[in-house]
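Chemist: First the structure, which I've put down as structure tokens, then a few questions once you've had a look.
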Amino acid sequence: MEYKVHGSAMQTLDITMSQGESVYTESGGMAWMGGDIAMATNTKGGFMAGLGRKLAGESFFMTTYTCKSNHGFVTFTPEAPGMVLPMELQAGEQIICQKDAFMCAESTVKLEMHFRKKLGTGLFGGEGFILQKVTGPGKVFFEIPGEVRAYTLEAGQTLKVDPGHIAAFDISVNYDISRVKGMTNILFSGEGLFLATVRGPGRVWLQSLPLSNLAHKLARYLPTSS
């Protein structure tokens, strides 16, 4: 299996497959395809797996695209302006990502719901209690609104982040929420009451454009009912 990412602000992802290779995505995730490609749609893991994915921002049903001859390709496009983030996961390697970040993956990659156990991170972490977890081995592709910045944190190294800017992180990274100090900062900084703290070891991927920020910006230009 080979892939190529095209474009800049509105990227597209081409996945080229040989006979027998396959990739799966949420319902409606495919943009176009060529060659002898077969589609198969199911719950991929059963009812509970489908329900978990639905809660984590993906579709209940998933569609698998399998190459039936020597060559075929499938093209995927993000749902919002942003970047395609490819990863090659080793067996057992796990990535936690925001809701609806999963784009597509090899059939060997497992996608499931990840539940935040800490009350504070669930209430004030920007994405609620439910995130997505992907487990290798295999190639997986995420769609991240805006540009992506990656950081590799050493053990004990921390970053303070507006919660909406956290796109994905290694499962080894500790994620917690702390209140902004100082009444003036709370009232006038525009950062709200809480910031996220991510602590290494592990990798963190941050996004420049949280969809909630974009929606808030666009809302002022939308007509309101009188």
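Starting from 1 in every chain, residues are counted up; chains themselves are A, B, ... following the order of the structure tokens, and ligands are numbered from 1 as listed.
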Using only C-alpha atoms, which protein or nucleic acid residues come within 7 Å of His114 in chain A? Drop anything in the same chain fewer than 6 positions from it, and give the result as a list in words.
Modeler: Ile130, Leu131, Gln132 and Lys133 of chain A
Chemist: Take the residues from that selection and write them out as an mmCIF file, in the first residue's frame, keeping N, CA and C atoms.
Modeler:
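So again_27.cif came out as:
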```cif
data_model
loop_
_atom_site.group_PDB
_atom_site.id
_atom_site.type_symbol
_atom_site.label_atom_id
_atom_site.label_comp_id
_atom_site.auth_asym_id
_atom_site.auth_seq_id
_atom_site.Cartn_x
_atom_site.Cartn_y
_atom_site.Cartn_z
ATOM 1 N N ILE A 130 -15.477 11.700 25.810
ATOM 2 C CA ILE A 130 -15.219 10.625 24.857
ATOM 3 C C ILE A 130 -14.315 11.112 23.730
ATOM 4 N N LEU A 131 -13.218 10.391 23.535
ATOM 5 C CA LEU A 131 -12.284 10.649 22.450
ATOM 6 C C LEU A 131 -12.183 9.395 21.587
ATOM 7 N N GLN A 132 -11.231 9.380 20.666
ATOM 8 C CA GLN A 132 -10.983 8.214 19.830
ATOM 9 C C GLN A 132 -9.625 7.608 20.175
ATOM 10 N N LYS A 133 -9.546 6.302 20.078
ATOM 11 C CA LYS A 133 -8.275 5.598 20.277
ATOM 12 C C LYS A 133 -8.037 4.675 19.104
#
```
Chemist: With only C-alpha atoms as the basis for distance, which of A:Gly202, A:Gly138, A:Pro145, A:Gly34 is at the shortest distance from Phe169 in chain A?
Modeler: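 Among the listed residues, A:Gly202 lies closest to Phe169 in chain A.
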Chemist: As a list of chain:residue names, please: the residues near Glu88 in chain A (cut-off 8 Å, only C-alpha atoms, same-chain neighbours under 5 positions excluded).
Modeler: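 The contact residues come out as A:Gly136, A:Pro137, A:Gly138, A:Lys139, A:Val140.
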Chemist: Measuring between only C-alpha atoms, which one of A:Thr224, A:Thr16, A:Gln11, A:Asn174 shows the shortest distance to Gly82 in chain A?
Modeler: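 Using only C-alpha atoms, the shortest distance to Gly82 in chain A belongs to A:Gln11.
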Chemist: Go through A:Thr63, A:Ser22, A:Gln94, A:Thr41 and flag the residue nearest Ile171 in chain A, using only C-alpha atoms for the distances.
Modeler: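 Going through A:Thr63, A:Ser22, A:Gln94, A:Thr41 one by one, the smallest distance to Ile171 in chain A is for A:Gln94.
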Chemist: Please report the interatomic distance between CA of Arg203 in chain A and CA of Leu153 in chain A in Å with one decimal.
Modeler: 6.0 Å
Chemist: As a PyMOL selection string, please: the residues near Met30 in chain A (cut-off 8 Å, only C-alpha atoms, same-chain neighbours under 4 positions excluded).
Modeler: chain A and resi 25+74-77
Chemist: Write the selection just made, keeping C-alpha atoms, as a compact mmCIF listing (two decimals), in the first residue's frame?
Modeler:
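Result saved to out_10.txt:
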```txt
# COMPACT_ATOMS: atom_id res chain seq x y z
CA THR A 25 -13.29 4.61 6.59
CA VAL A 74 -9.13 5.44 -3.38
CA THR A 75 -9.12 9.18 -2.65
CA PHE A 76 -10.27 10.66 0.66
CA THR A 77 -10.89 14.32 1.51
```
Chemist: Please list as a list in words every residue within 9 Å of Gly20 in chain A, counting only C-alpha atoms and excluding residues in the same chain fewer than 4 positions away.
Modeler: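 Surrounding residues, per the criterion: Thr66, Cys67, Lys68, Ser69 and Asn70 of chain A.
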Chemist: Could you dump the residues just selected with N, CA and C atoms as a CSV table (one decimal), in the first residue's frame?
Modeler:
```
chain,number,residue,atom,x,y,z
A,66,THR,N,-11.5,-2.8,-0.9
A,66,THR,CA,-10.5,-3.8,-1.1
A,66,THR,C,-10.1,-3.9,-2.6
A,67,CYS,N,-8.8,-3.9,-2.9
A,67,CYS,CA,-8.4,-4.0,-4.3
A,67,CYS,C,-8.5,-5.5,-4.7
A,68,LYS,N,-9.2,-5.7,-5.8
A,68,LYS,CA,-9.5,-7.0,-6.3
A,68,LYS,C,-8.6,-7.4,-7.5
A,69,SER,N,-7.8,-6.5,-8.0
A,69,SER,CA,-6.9,-6.9,-9.1
A,69,SER,C,-5.5,-6.3,-8.8
A,70,ASN,N,-4.7,-6.1,-9.8
A,70,ASN,CA,-3.3,-5.7,-9.6
A,70,ASN,C,-3.1,-4.3,-9.0
```
Chemist: Any idea what's packed within 7 Å of Phe141 in chain A, counting only C-alpha atoms, ignoring anything in its chain fewer than 5 positions away? Could you give it as a ChimeraX atom specification?
Modeler: /A:84-87,102-105
Chemist: Please produce an output containing C-alpha atoms for each residue in the selection, written as a PDB file, in the first residue's frame.
Modeler:
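This went into result20.pdb:
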```pdb
ATOM      1  CA  VAL A  84      -4.049  15.037   6.547  1.00  0.00           C
ATOM      2  CA  LEU A  85      -1.849  13.511   9.252  1.00  0.00           C
ATOM      3  CA  PRO A  86      -0.436  10.075   8.301  1.00  0.00           C
ATOM      4  CA  MET A  87       1.016   7.662  10.879  1.00  0.00           C
ATOM      5  CA  PHE A 102     -10.090   9.473  12.206  1.00  0.00           C
ATOM      6  CA  MET A 103     -10.048   9.546   8.410  1.00  0.00           C
ATOM      7  CA  CYS A 104      -9.144   6.034   7.233  1.00  0.00           C
ATOM      8  CA  ALA A 105      -6.778   3.172   8.020  1.00  0.00           C
TER       9      ALA A 105
END
```
